[in-house]
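Beneath this line is the structure, given in structure tokens, with notes to follow.
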Amino acid sequence: MEKYSLLKLFKHAHKYHENWQRAWRNPTPKKVYDVVIVGGGGHGLATAYYLAKVHGITNVAVVEKGYLGGGNTARNTTIIRSNYLWDEASQLYEFALKLWEDLSQDLNFNVMFSQRGVLNLGHTLQDMRDIERRVNANRLNGIDGHVLSTAEVQDIVPLMNCSPDSRYPVLGASWQPRGGTARHDAVAWGYARGADALGVDLIQETEVTGIRRSNGEVVGVETTKGFIGARKVACVTAGNSGVMAAMAGLRLPIESRPLQALVSEPVKPCLDTVVMSNAVHGYISQSDKGDLVIGAGVDAYNGYGQRGSFHVIEHTVQAICELFPAFSRVRMNRQWGGIVDTCPDACPIVSKTSVKGLYFNCGWGTGGFKATPGSGYVFADTVANDRPHPMAEAFNIDRFSSGALIDEHGAAGVAH
Ligand code: FAD
Ligand code: PYC
């Protein structure tokens, strides 16, 4: 019976799945663009989409060394929330969260945004004090947030070990009901499709190897497929931003380090929210397929190996098993790492640079997926108008010389 239906499925695939219309074109690069965006991850594609949609700038190319959405966008655990401490950060992440709420409709593409709520656990009295402070700050900024007791956490996640004798006792949590998850590659595909429809050229398998300047101004990019002229170049290359900046003779205050995640075999629905714990460097949710999606902490040292250290993931899995004893019997399917670029204050850089026509959007560290729509929106505005969008102003690169840092280490999902 099973054989028969598999055969039917195969035949069906062959009969009906031919001559599919491409979701986006595969264009030959033009000689010159108004804007070249380097990096076809979620942030780069969102930037291209809003440049075209909001600013009417359509002579734009996104140049991607691999395939669209194949970088950290593909590697992240898709947690979305806006419960940051300081006004500048919470404003930007909350703006992004509001865009997430309408994104599937805006793109006419289902990004599977699921507001299943996000819990940040507190394991010590100091954790709880920090949680209270942050929730109060969130509420003052109009962001939904609650401080929950152990019993209230247990109510939301019955499978969690909330015993006071456990190694990581759960003293309570912060709870953001509007937080949740989205489907990572659908986000990249939705923005790609939308940008392409508005005339943006998406150029894949083309690495940018140099940034050509003349008289202190950008004139284009050298690529593995030849020179592409550009009036403006916007770099959105996540873990490779330090390397990109060096191509223009700039140095960013960024460290690049591996961050790991893993997924289990699919199991029946058992966890309908997102659970994070900064203190144990572990977080977990269940995908719509049933896999447990688990994330670990960052490696302590810089590197570009997209694997991460074994002892880091071992520590995370131990903590997850302590919090969810039932999961100790679940088998893991895959593990991977991505390179995250982190700034000293755990906040991003969305900025013009000292080179005219050159812009950087980077340093989102362990938590940029949730910002994707907001980041693309404010960066597009910054590039289009050659001045920081009001919400991007605080994330200017100048803050590292002025000292106006925004310390979001406490709100970063993963300490770094
Ligand atoms: P990317 O998707 O990495 O896009 C950058 C693109 O630039 C890449 O496709 C790359 O190939 C391309 N590129 C680089 N150099 C060049 C070049 N020279 N020429 C052309 N193209 C180039 N964030 C959250 O908010 N929630 C989470 O739950 C979360 N979990 C994470 C878990 C892991 C394991 C990791 C690694 C990250 C996680 N993050 C999370 C962080 C998040 O993934 C990133 O901040 C975000 O995806 C960055 O998006 P991006 O578009 O800037 O980068
Ligand atoms: O920033 O929320 C976050 C996050 C969760 C996992 C990795 N980053």
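Letters for chains follow the order of the structure tokens (A, B, ...), residue numbers begin at 1 for each chain, and ligand numbers begin at 1 in the order shown.
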
Name the residues, by chain letter and number, that sit within 8 Å of ligand 2 using only C-alpha atoms and all ligand atoms, and give them as a list in words.
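Those residues are Asn76, Thr77, Thr78, Ile79, Ile80, Arg81, Met276, Tyr283, Gly295, Ala296, Thr366, Gly367, Gly368, Phe369, Lys370, Ala411, Ala412, Gly413 and Val414 of chain A.
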
Residues near Cys347 (chain A), anyone? I mean within 8 Å using only C-alpha atoms, not counting same-chain ones fewer than 2 positions away, as a ChimeraX atom specification.
/A:89,342-345,349,363-365,395,406-408

Saved selection, atoms kept: C-alpha atoms, as a compact mmCIF listing (two decimals), in the first residue's frame:
```
# COMPACT_ATOMS: atom_id res chain seq x y z
CA ALA A 89 16.75 49.23 20.90
CA THR A 342 29.07 41.07 17.61
CA CYS A 343 29.64 44.68 18.69
CA PRO A 344 30.98 45.61 22.16
CA ASP A 345 27.52 46.84 23.26
CA ILE A 349 25.55 49.12 13.28
CA GLY A 363 26.66 43.60 14.13
CA TRP A 364 23.26 42.08 14.90
CA GLY A 365 25.14 39.39 16.79
CA PHE A 395 23.08 52.78 15.87
CA ILE A 406 23.59 51.13 24.17
CA ASP A 407 24.32 48.17 26.42
CA GLU A 408 21.90 45.40 25.45
```

Strand (DSSP E or B) per DSSP on the backbone: members of region 281-400 of chain A, as a ChimeraX atom specification:
/A:282-286,292-298,332-342,349-352,356,358-362,364

From the list A:Leu9, A:Ala392, A:Leu125, A:Ile211, which residue is nearest ligand 1 when using only C-alpha atoms and all ligand atoms?
A:Ile211

Tell me, as a ChimeraX atom specification, which residues lie within 12 Å of Trp336 (chain A), counting only C-alpha atoms; anything in the same chain fewer than 3 positions away does not count.
/A:71-72,74-77,258-263,293-296,305-310,313,332-333,339

For CA of Phe400 (chain A) and CA of Pro253 (chain A), the interatomic separation in Å (one decimal)
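About the pair CA of Phe400 (chain A) and CA of Pro253 (chain A): they are 7.7 Å apart.
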
Ranking A:Thr181, A:Asn83, A:Ser264, A:Asn26 by minimum distance to Arg133 (chain A) and counting only C-alpha atoms, which one comes first?
A:Asn83

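The interatomic distance for the pair atom 53 (O, counted along the ligand's line) of ligand 1 and CA of Gly39 (chain A) works out to 7.2 Å.
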
Take CA of Asp398 (chain A) and CA of Lys65 (chain A) and report the distance between them in Å, one decimal.
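So the two atoms, CA of Asp398 (chain A) and CA of Lys65 (chain A), lie 28.9 Å apart.
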
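Surrounding region 187-200 of chain A within 6 Å are Ala23, Trp24, Gly42, Leu45, Ala46, Tyr49, Thr58, Val60, Ala61, Gly69, Leu107, Phe109 and Val111 of chain A, with only C-alpha atoms counted and residues fewer than 6 positions along the same chain left out.
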
Env of Glu88 (chain A): 12 Å cut, atoms = only C-alpha atoms, seq-sep filter 2 positions within chain, self excluded. Answer as a VMD selection string.
chain A and resid 82 to 86 90 to 95 137 to 138 141 347 to 348 390 to 396 404 to 408

Can you pull out the residues contacting region 225-232 of chain A? Cut-off 9 Å, using only C-alpha atoms, and skip same-chain residues under 2 positions away; I want them as a list in words.
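So, after excluding close chain neighbours, the residues are Pro29, Lys30, Lys31, Val32, Tyr33, Asp34, Val35, Val36, Ile37, Val60, Thr206, Glu207, Val208, Arg212, Glu217, Val218, Val219, Gly220, Val221, Glu222, Thr223, Ala234, Lys356, Gly357, Leu358, Tyr359 and Val383 of chain A.
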
Please return as an MDAnalysis selection string: the residues of region 237-379 of chain A that backbone DSSP assigns to alpha helix (DSSP H).
chainID A and resid 241:247 310:323 372:379
